[in-house]
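Structure below is coords05.csv: CSV, N, CA and C atoms.
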```
chain,number,residue,atom,x,y,z
X,123,MET,N,27.3,-6.8,-26.8
X,123,MET,CA,26.1,-6.5,-26.1
X,123,MET,C,25.7,-7.6,-25.2
X,124,PRO,N,25.2,-7.3,-24.0
X,124,PRO,CA,24.7,-8.4,-23.1
X,124,PRO,C,23.7,-9.3,-23.7
X,125,ASN,N,23.6,-10.5,-23.3
X,125,ASN,CA,22.7,-11.5,-23.9
X,125,ASN,C,21.2,-11.3,-23.5
X,126,TRP,N,21.0,-10.4,-22.5
X,126,TRP,CA,19.6,-10.1,-22.2
X,126,TRP,C,19.0,-8.9,-22.9
X,127,ILE,N,19.8,-8.3,-23.8
X,127,ILE,CA,19.3,-7.3,-24.7
X,127,ILE,C,19.3,-7.8,-26.1
X,128,ASN,N,18.2,-7.9,-26.7
X,128,ASN,CA,18.1,-8.5,-28.1
X,128,ASN,C,17.8,-7.3,-29.1
X,129,VAL,N,18.9,-6.8,-29.7
X,129,VAL,CA,18.8,-5.8,-30.7
X,129,VAL,C,19.7,-6.1,-31.9
X,130,ASP,N,19.1,-6.1,-33.0
X,130,ASP,CA,19.8,-6.2,-34.3
X,130,ASP,C,19.0,-5.5,-35.4
X,131,LYS,N,19.6,-5.5,-36.6
X,131,LYS,CA,19.0,-4.7,-37.7
X,131,LYS,C,17.6,-5.2,-38.0
X,132,ASP,N,17.4,-6.5,-38.0
X,132,ASP,CA,16.1,-7.1,-38.4
X,132,ASP,C,15.0,-6.8,-37.3
X,133,CYS,N,15.4,-6.9,-36.0
X,133,CYS,CA,14.3,-6.6,-35.0
X,133,CYS,C,14.0,-5.1,-34.9
X,134,LEU,N,15.0,-4.3,-35.3
X,134,LEU,CA,14.7,-2.9,-35.3
X,134,LEU,C,13.8,-2.5,-36.5
X,135,MET,N,13.9,-3.2,-37.6
X,135,MET,CA,13.0,-3.0,-38.7
X,135,MET,C,11.6,-3.5,-38.4
X,136,LYS,N,11.5,-4.6,-37.8
X,136,LYS,CA,10.2,-5.2,-37.5
X,136,LYS,C,9.6,-4.7,-36.2
X,137,GLY,N,10.4,-4.1,-35.3
X,137,GLY,CA,9.9,-3.6,-34.0
X,137,GLY,C,9.7,-4.8,-33.0
X,138,THR,N,10.6,-5.8,-33.1
X,138,THR,CA,10.5,-6.9,-32.2
X,138,THR,C,11.7,-7.0,-31.2
X,139,CYS,N,12.4,-6.0,-31.0
X,139,CYS,CA,13.5,-6.0,-30.1
X,139,CYS,C,13.0,-6.2,-28.7
X,140,SER,N,13.9,-6.8,-27.8
X,140,SER,CA,13.4,-7.1,-26.5
X,140,SER,C,14.6,-6.9,-25.5
X,141,MET,N,14.2,-6.7,-24.2
X,141,MET,CA,15.2,-6.5,-23.2
X,141,MET,C,14.5,-7.1,-21.9
X,142,GLU,N,15.3,-7.8,-21.1
X,142,GLU,CA,14.9,-8.3,-19.8
X,142,GLU,C,15.2,-7.2,-18.8
X,143,VAL,N,14.2,-6.6,-18.3
X,143,VAL,CA,14.3,-5.4,-17.5
X,143,VAL,C,15.1,-5.7,-16.2
X,144,TYR,N,14.7,-6.8,-15.5
X,144,TYR,CA,15.3,-7.1,-14.2
X,144,TYR,C,16.8,-7.4,-14.4
X,145,LYS,N,17.2,-8.1,-15.4
X,145,LYS,CA,18.6,-8.4,-15.6
X,145,LYS,C,19.4,-7.1,-16.0
X,146,THR,N,18.7,-6.2,-16.8
X,146,THR,CA,19.4,-5.0,-17.1
X,146,THR,C,19.6,-4.1,-15.9
X,147,LEU,N,18.6,-4.1,-15.0
X,147,LEU,CA,18.8,-3.3,-13.8
X,147,LEU,C,19.6,-4.0,-12.7
X,148,GLY,N,19.9,-5.3,-12.9
X,148,GLY,CA,20.8,-6.0,-12.0
X,148,GLY,C,20.0,-6.5,-10.7
X,149,ILE,N,18.7,-6.7,-10.9
X,149,ILE,CA,17.9,-7.1,-9.7
X,149,ILE,C,17.2,-8.4,-10.0
X,150,GLU,N,17.8,-9.3,-10.8
X,150,GLU,CA,17.1,-10.5,-11.1
X,150,GLU,C,17.0,-11.6,-10.0
X,151,ASN,N,17.8,-11.4,-9.0
X,151,ASN,CA,17.8,-12.4,-7.9
X,151,ASN,C,17.3,-11.9,-6.6
X,152,THR,N,16.3,-11.0,-6.6
X,152,THR,CA,15.8,-10.5,-5.4
X,152,THR,C,14.9,-11.4,-4.6
X,153,GLU,N,14.7,-11.2,-3.4
X,153,GLU,CA,13.9,-12.1,-2.6
X,153,GLU,C,12.4,-12.1,-3.1
X,154,TRP,N,12.0,-10.9,-3.5
X,154,TRP,CA,10.6,-10.8,-4.0
X,154,TRP,C,10.4,-11.8,-5.2
X,155,GLN,N,11.3,-11.8,-6.1
X,155,GLN,CA,11.2,-12.7,-7.3
X,155,GLN,C,11.3,-14.2,-6.9
X,156,LYS,N,12.1,-14.5,-5.9
X,156,LYS,CA,12.2,-15.9,-5.5
X,156,LYS,C,11.0,-16.4,-4.8
X,157,ASN,N,10.3,-15.5,-4.1
X,157,ASN,CA,9.1,-16.0,-3.4
X,157,ASN,C,7.8,-15.4,-4.0
X,158,LYS,N,7.6,-15.5,-5.3
X,158,LYS,CA,6.4,-15.0,-5.9
X,158,LYS,C,5.3,-16.0,-5.7
X,159,SER,N,4.7,-15.8,-4.5
X,159,SER,CA,3.5,-16.7,-4.2
X,159,SER,C,2.3,-15.8,-4.1
X,160,GLY,N,1.1,-16.4,-4.2
X,160,GLY,CA,-0.1,-15.7,-4.1
X,160,GLY,C,-0.3,-15.1,-2.7
X,161,VAL,N,0.2,-15.8,-1.7
X,161,VAL,CA,0.1,-15.3,-0.3
X,161,VAL,C,0.9,-14.0,-0.2
X,162,THR,N,2.1,-14.0,-0.7
X,162,THR,CA,3.0,-12.8,-0.6
X,162,THR,C,2.3,-11.6,-1.4
X,163,PHE,N,1.8,-11.9,-2.5
X,163,PHE,CA,1.1,-10.9,-3.3
X,163,PHE,C,-0.1,-10.3,-2.6
X,164,MET,N,-0.9,-11.2,-2.1
X,164,MET,CA,-2.1,-10.8,-1.4
X,164,MET,C,-1.8,-10.0,-0.1
X,165,SER,N,-0.8,-10.4,0.6
X,165,SER,CA,-0.4,-9.7,1.8
X,165,SER,C,0.1,-8.3,1.5
X,166,ASP,N,0.8,-8.2,0.3
X,166,ASP,CA,1.3,-6.9,-0.1
X,166,ASP,C,0.1,-6.0,-0.5
X,167,VAL,N,-0.9,-6.5,-1.2
X,167,VAL,CA,-2.1,-5.8,-1.5
X,167,VAL,C,-2.8,-5.3,-0.3
X,168,VAL,N,-3.0,-6.2,0.6
X,168,VAL,CA,-3.7,-5.9,1.9
X,168,VAL,C,-2.9,-4.8,2.7
X,169,SER,N,-1.6,-5.0,2.7
X,169,SER,CA,-0.8,-4.0,3.4
X,169,SER,C,-0.9,-2.6,2.7
X,170,GLY,N,-0.9,-2.6,1.4
X,170,GLY,CA,-1.1,-1.3,0.7
X,170,GLY,C,-2.4,-0.7,1.0
X,171,LEU,N,-3.5,-1.5,1.0
X,171,LEU,CA,-4.8,-1.0,1.3
X,171,LEU,C,-4.9,-0.5,2.8
X,172,THR,N,-4.2,-1.2,3.7
X,172,THR,CA,-4.2,-0.8,5.1
X,172,THR,C,-3.5,0.6,5.2
X,173,PHE,N,-2.4,0.8,4.5
X,173,PHE,CA,-1.8,2.1,4.6
X,173,PHE,C,-2.6,3.2,3.9
X,174,PHE,N,-3.4,2.9,2.9
X,174,PHE,CA,-4.3,3.8,2.3
X,174,PHE,C,-5.4,4.2,3.2
X,175,ILE,N,-6.0,3.2,3.9
X,175,ILE,CA,-7.0,3.5,4.9
X,175,ILE,C,-6.5,4.3,6.0
X,176,TRP,N,-5.3,4.0,6.5
X,176,TRP,CA,-4.6,4.7,7.5
X,176,TRP,C,-4.5,6.2,7.2
X,177,THR,N,-4.2,6.5,5.9
X,177,THR,CA,-4.1,7.9,5.5
X,177,THR,C,-5.5,8.6,5.5
X,178,ILE,N,-6.5,7.9,5.1
X,178,ILE,CA,-7.9,8.4,5.2
X,178,ILE,C,-8.3,8.7,6.6
X,179,VAL,N,-8.0,7.7,7.5
X,179,VAL,CA,-8.3,7.9,8.9
X,179,VAL,C,-7.6,9.1,9.5
X,180,PHE,N,-6.3,9.3,9.2
X,180,PHE,CA,-5.5,10.4,9.7
X,180,PHE,C,-6.2,11.7,9.2
X,181,ILE,N,-6.5,11.8,8.0
X,181,ILE,CA,-7.2,13.0,7.4
X,181,ILE,C,-8.5,13.2,8.1
X,182,SER,N,-9.3,12.2,8.4
X,182,SER,CA,-10.5,12.3,9.1
X,182,SER,C,-10.3,12.8,10.5
X,183,LEU,N,-9.3,12.3,11.2
X,183,LEU,CA,-9.0,12.8,12.5
X,183,LEU,C,-8.7,14.3,12.5
X,184,LEU,N,-7.9,14.6,11.5
X,184,LEU,CA,-7.5,16.0,11.4
X,184,LEU,C,-8.7,16.9,11.2
X,185,VAL,N,-9.6,16.5,10.3
X,185,VAL,CA,-10.8,17.3,10.0
X,185,VAL,C,-11.7,17.4,11.2
X,186,SER,N,-11.8,16.3,12.0
X,186,SER,CA,-12.6,16.3,13.2
X,186,SER,C,-12.0,17.2,14.2
X,187,TRP,N,-10.7,17.2,14.4
X,187,TRP,CA,-10.1,18.2,15.4
X,187,TRP,C,-10.3,19.6,14.9
X,188,LEU,N,-10.2,19.9,13.6
X,188,LEU,CA,-10.5,21.2,13.1
X,188,LEU,C,-12.0,21.6,13.4
X,189,MET,N,-12.9,20.7,13.3
X,189,MET,CA,-14.3,21.0,13.6
X,189,MET,C,-14.4,21.3,15.1
X,190,LEU,N,-13.7,20.6,15.9
X,190,LEU,CA,-13.7,21.0,17.4
X,190,LEU,C,-13.2,22.4,17.6
X,191,ILE,N,-12.2,22.8,16.9
X,191,ILE,CA,-11.6,24.1,17.1
X,191,ILE,C,-12.6,25.2,16.7
X,192,PHE,N,-13.2,24.9,15.5
X,192,PHE,CA,-14.1,26.0,15.0
X,192,PHE,C,-15.5,25.8,15.4
X,193,ALA,N,-15.9,24.8,16.2
X,193,ALA,CA,-17.3,24.6,16.6
X,193,ALA,C,-17.8,25.8,17.4
X,194,GLY,N,-17.0,26.2,18.4
X,194,GLY,CA,-17.5,27.2,19.3
X,194,GLY,C,-18.8,26.8,20.0
X,195,SER,N,-19.9,27.5,19.7
X,195,SER,CA,-21.1,27.2,20.4
X,195,SER,C,-22.1,26.5,19.4
X,196,ASP,N,-21.6,26.2,18.2
X,196,ASP,CA,-22.5,25.5,17.2
X,196,ASP,C,-22.7,24.1,17.6
X,197,GLU,N,-23.9,23.7,18.0
X,197,GLU,CA,-24.3,22.4,18.4
X,197,GLU,C,-24.1,21.4,17.3
X,198,LYS,N,-24.5,21.8,16.1
X,198,LYS,CA,-24.5,20.9,14.9
X,198,LYS,C,-23.1,20.4,14.6
X,199,LEU,N,-22.2,21.4,14.6
X,199,LEU,CA,-20.8,21.1,14.3
X,199,LEU,C,-20.1,20.2,15.4
X,200,ALA,N,-20.6,20.5,16.7
X,200,ALA,CA,-20.1,19.7,17.8
X,200,ALA,C,-20.5,18.2,17.7
X,201,GLU,N,-21.7,18.0,17.2
X,201,GLU,CA,-22.2,16.6,17.0
X,201,GLU,C,-21.4,15.9,15.9
X,202,LYS,N,-21.1,16.7,14.8
X,202,LYS,CA,-20.3,16.1,13.7
X,202,LYS,C,-18.9,15.8,14.2
X,203,TRP,N,-18.4,16.6,15.1
X,203,TRP,CA,-17.0,16.4,15.6
X,203,TRP,C,-17.0,15.1,16.4
X,204,LYS,N,-18.0,14.9,17.3
X,204,LYS,CA,-18.1,13.7,18.1
X,204,LYS,C,-18.2,12.4,17.3
X,205,SER,N,-19.1,12.5,16.3
X,205,SER,CA,-19.2,11.3,15.4
X,205,SER,C,-18.0,11.0,14.6
X,206,GLY,N,-17.4,12.1,14.1
X,206,GLY,CA,-16.1,12.0,13.3
X,206,GLY,C,-15.0,11.3,14.1
X,207,ILE,N,-14.9,11.7,15.4
X,207,ILE,CA,-13.8,11.2,16.3
X,207,ILE,C,-14.2,9.7,16.6
X,208,LYS,N,-15.4,9.4,16.8
X,208,LYS,CA,-15.8,8.0,17.1
X,208,LYS,C,-15.6,7.1,16.0
X,209,TYR,N,-16.0,7.5,14.8
X,209,TYR,CA,-15.8,6.6,13.6
X,209,TYR,C,-14.3,6.5,13.2
X,210,SER,N,-13.6,7.6,13.4
X,210,SER,CA,-12.1,7.6,13.1
X,210,SER,C,-11.4,6.6,14.1
X,211,ALA,N,-11.8,6.6,15.4
X,211,ALA,CA,-11.2,5.7,16.3
X,211,ALA,C,-11.5,4.3,16.0
X,212,ILE,N,-12.7,4.0,15.6
X,212,ILE,CA,-13.1,2.6,15.2
X,212,ILE,C,-12.2,2.2,14.0
X,213,TRP,N,-12.1,3.0,13.0
X,213,TRP,CA,-11.3,2.7,11.8
X,213,TRP,C,-9.8,2.6,12.1
X,214,LEU,N,-9.4,3.4,13.1
X,214,LEU,CA,-8.0,3.3,13.5
X,214,LEU,C,-7.7,2.0,14.2
X,215,PHE,N,-8.6,1.5,15.0
X,215,PHE,CA,-8.5,0.2,15.6
X,215,PHE,C,-8.5,-0.9,14.6
X,216,LEU,N,-9.4,-0.8,13.6
X,216,LEU,CA,-9.4,-1.8,12.5
X,216,LEU,C,-8.1,-1.8,11.7
X,217,VAL,N,-7.6,-0.7,11.4
X,217,VAL,CA,-6.3,-0.6,10.6
X,217,VAL,C,-5.2,-1.2,11.4
X,218,VAL,N,-5.1,-0.9,12.7
X,218,VAL,CA,-4.0,-1.4,13.5
X,218,VAL,C,-4.1,-2.9,13.6
X,219,ALA,N,-5.4,-3.4,13.9
X,219,ALA,CA,-5.6,-4.8,14.0
X,219,ALA,C,-5.3,-5.6,12.7
X,220,SER,N,-5.7,-5.0,11.6
X,220,SER,CA,-5.5,-5.7,10.3
X,220,SER,C,-4.0,-5.8,10.0
X,221,TYR,N,-3.3,-4.7,10.3
X,221,TYR,CA,-1.9,-4.7,10.0
X,221,TYR,C,-1.1,-5.7,10.9
X,222,SER,N,-1.6,-5.8,12.2
X,222,SER,CA,-1.0,-6.7,13.1
X,222,SER,C,-1.2,-8.1,12.7
X,223,ILE,N,-2.4,-8.4,12.2
X,223,ILE,CA,-2.8,-9.8,11.7
X,223,ILE,C,-2.0,-10.1,10.5
X,224,ILE,N,-1.8,-9.2,9.6
X,224,ILE,CA,-1.0,-9.4,8.4
X,224,ILE,C,0.4,-9.8,8.8
X,225,LYS,N,1.0,-9.0,9.6
X,225,LYS,CA,2.4,-9.2,10.0
X,225,LYS,C,2.5,-10.6,10.8
X,226,PHE,N,1.5,-10.9,11.6
X,226,PHE,CA,1.5,-12.2,12.3
X,226,PHE,C,1.5,-13.3,11.4
X,227,ILE,N,0.7,-13.3,10.3
X,227,ILE,CA,0.6,-14.3,9.3
X,227,ILE,C,1.9,-14.4,8.5
X,228,GLN,N,2.4,-13.3,8.1
X,228,GLN,CA,3.7,-13.3,7.4
X,228,GLN,C,4.8,-13.9,8.2
X,229,TYR,N,4.8,-13.6,9.5
X,229,TYR,CA,5.9,-14.2,10.4
X,229,TYR,C,5.8,-15.7,10.4
X,230,PHE,N,4.6,-16.3,10.5
X,230,PHE,CA,4.5,-17.7,10.6
X,230,PHE,C,4.5,-18.4,9.2
X,231,MET,N,4.3,-17.7,8.1
X,231,MET,CA,4.4,-18.2,6.8
X,231,MET,C,5.9,-18.4,6.4
X,232,LYS,N,6.7,-17.6,6.9
X,232,LYS,CA,8.2,-17.7,6.6
X,232,LYS,C,8.8,-18.9,7.4
X,233,GLY,N,8.4,-19.1,8.6
X,233,GLY,CA,9.0,-20.1,9.4
X,233,GLY,C,8.6,-21.5,9.1
```
Show this structure as structure tokens.
Amino acid sequence: MPNWINVDKDCLMKGTCSMEVYKTLGIENTEWQKNKSGVTFMSDVVSGLTFFIWTIVFISLLVSWLMLIFAGSDEKLAEKWKSGIKYSAIWLFLVVASYSIIKFIQYFMKG
């Protein structure tokens, strides 16, 4: 049995068997593991949040355009459509800017 899987009769009885998952899967020398820094982790978290916000902005734009289609002569719905598009555009700009800043920082942190 490979040395990264610890299984014998005693550990089975006590429930203390262990296994190193990364070695078992054959990914112990990945770039992510070599560069486990706080900056890398935080940039990954911020990138994830950026894509989550991008999804929300996309849904907001879709709903706003549907409001435009169904507004017809309803003034109230037309005002909601205008504000929805305006705020979606602002958030879209913020998402694109934050993603660009993250990639810019990552580029210079590597070099």
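Counting from CA of Asp166 in chain X, the distance to CA of Leu216 in chain X is 17.3 Å.
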key: Top pick for closest residue to Leu214 in chain X, considering X:Leu190, X:Ile175, X:Leu184, X:Met231 and counting all atoms listed in the file   =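 For Leu214 in chain X, the nearest of the given residues is X:Ile175.
Between atom C of Gly194 in chain X and atom N of Trp213 in chain X the separation is 25.7 Å.
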ask   = Neighbours of Tyr221 in chain X within 10 Å (only C-alpha atoms; same-chain residues fewer than 5 positions away dropped), as number ranges by chain?
value = X: 165, 168-173, 215-216, 226-227
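Across the model, the gap from atom N of Tyr209 in chain X to atom N of Ile178 in chain X is 13.6 Å.
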message = Could you check the closest approach to Met189 in chain X for each of X:Ser222, X:Lys204, X:Lys136, X:Gln228 and tell me which residue wins, using all atoms listed in the file?
response =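 Looking at the shortest contact to Met189 in chain X, the residue is X:Lys204.
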Export: range 162-233 of chain X, C-alpha atoms, as an mmCIF file, in the first residue's frame:
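Writing done, so here's part.cif:
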```
data_model
loop_
_atom_site.group_PDB
_atom_site.id
_atom_site.type_symbol
_atom_site.label_atom_id
_atom_site.label_comp_id
_atom_site.auth_asym_id
_atom_site.auth_seq_id
_atom_site.Cartn_x
_atom_site.Cartn_y
_atom_site.Cartn_z
ATOM 1 C CA THR X 162 -3.233 34.650 -3.875
ATOM 2 C CA PHE X 163 -6.040 33.535 -1.600
ATOM 3 C CA MET X 164 -7.517 37.023 -1.304
ATOM 4 C CA SER X 165 -7.317 37.609 -5.053
ATOM 5 C CA ASP X 166 -9.146 34.313 -5.607
ATOM 6 C CA VAL X 167 -11.851 35.323 -3.125
ATOM 7 C CA VAL X 168 -12.255 38.745 -4.730
ATOM 8 C CA SER X 169 -12.347 37.172 -8.199
ATOM 9 C CA GLY X 170 -15.070 34.796 -7.036
ATOM 10 C CA LEU X 171 -17.079 37.657 -5.584
ATOM 11 C CA THR X 172 -16.590 39.623 -8.791
ATOM 12 C CA PHE X 173 -18.042 36.801 -10.874
ATOM 13 C CA PHE X 174 -20.930 36.406 -8.413
ATOM 14 C CA ILE X 175 -21.731 40.119 -8.698
ATOM 15 C CA TRP X 176 -21.395 39.854 -12.489
ATOM 16 C CA THR X 177 -24.101 37.169 -12.442
ATOM 17 C CA ILE X 178 -26.401 39.385 -10.359
ATOM 18 C CA VAL X 179 -25.779 42.339 -12.727
ATOM 19 C CA PHE X 180 -26.588 40.174 -15.736
ATOM 20 C CA ILE X 181 -29.862 39.021 -14.168
ATOM 21 C CA SER X 182 -30.686 42.626 -13.272
ATOM 22 C CA LEU X 183 -30.091 43.729 -16.860
ATOM 23 C CA LEU X 184 -32.265 40.907 -18.122
ATOM 24 C CA VAL X 185 -35.111 41.836 -15.760
ATOM 25 C CA SER X 186 -34.788 45.515 -16.722
ATOM 26 C CA TRP X 187 -35.031 44.697 -20.411
ATOM 27 C CA LEU X 188 -38.090 42.539 -19.728
ATOM 28 C CA MET X 189 -39.622 45.515 -17.913
ATOM 29 C CA LEU X 190 -39.004 47.604 -21.011
ATOM 30 C CA ILE X 191 -40.735 45.053 -23.200
ATOM 31 C CA PHE X 192 -43.777 44.742 -20.943
ATOM 32 C CA ALA X 193 -43.980 48.398 -19.872
ATOM 33 C CA GLY X 194 -46.114 49.549 -22.768
ATOM 34 C CA SER X 195 -47.743 52.769 -21.551
ATOM 35 C CA ASP X 196 -47.211 52.105 -17.825
ATOM 36 C CA GLU X 197 -45.210 55.085 -16.533
ATOM 37 C CA LYS X 198 -44.330 53.415 -13.227
ATOM 38 C CA LEU X 199 -42.785 50.376 -14.905
ATOM 39 C CA ALA X 200 -40.920 52.644 -17.348
ATOM 40 C CA GLU X 201 -39.317 54.499 -14.415
ATOM 41 C CA LYS X 202 -38.284 51.196 -12.821
ATOM 42 C CA TRP X 203 -36.770 50.159 -16.143
ATOM 43 C CA LYS X 204 -34.708 53.340 -16.384
ATOM 44 C CA SER X 205 -33.382 53.085 -12.835
ATOM 45 C CA GLY X 206 -32.698 49.363 -13.262
ATOM 46 C CA ILE X 207 -30.618 49.978 -16.376
ATOM 47 C CA LYS X 208 -28.778 52.891 -14.734
ATOM 48 C CA TYR X 209 -27.801 50.941 -11.615
ATOM 49 C CA SER X 210 -26.950 47.837 -13.624
ATOM 50 C CA ALA X 211 -24.619 49.897 -15.808
ATOM 51 C CA ILE X 212 -22.922 51.352 -12.717
ATOM 52 C CA TRP X 213 -22.432 47.878 -11.202
ATOM 53 C CA LEU X 214 -21.234 46.541 -14.549
ATOM 54 C CA PHE X 215 -18.576 49.262 -14.656
ATOM 55 C CA LEU X 216 -17.531 48.457 -11.062
ATOM 56 C CA VAL X 217 -17.282 44.724 -11.802
ATOM 57 C CA VAL X 218 -15.177 45.246 -14.921
ATOM 58 C CA ALA X 219 -12.955 47.762 -13.129
ATOM 59 C CA SER X 220 -12.435 45.526 -10.087
ATOM 60 C CA TYR X 221 -11.634 42.497 -12.241
ATOM 61 C CA SER X 222 -9.152 44.563 -14.255
ATOM 62 C CA ILE X 223 -7.491 45.823 -11.072
ATOM 63 C CA ILE X 224 -7.231 42.277 -9.699
ATOM 64 C CA LYS X 225 -5.603 40.988 -12.881
ATOM 65 C CA PHE X 226 -3.273 44.007 -12.982
ATOM 66 C CA ILE X 227 -2.121 43.339 -9.401
ATOM 67 C CA GLN X 228 -1.693 39.615 -10.064
ATOM 68 C CA TYR X 229 0.398 40.362 -13.137
ATOM 69 C CA PHE X 230 2.830 42.544 -11.182
ATOM 70 C CA MET X 231 2.909 40.245 -8.122
ATOM 71 C CA LYS X 232 4.211 37.395 -10.280
ATOM 72 C CA GLY X 233 6.980 39.425 -11.865
#
```
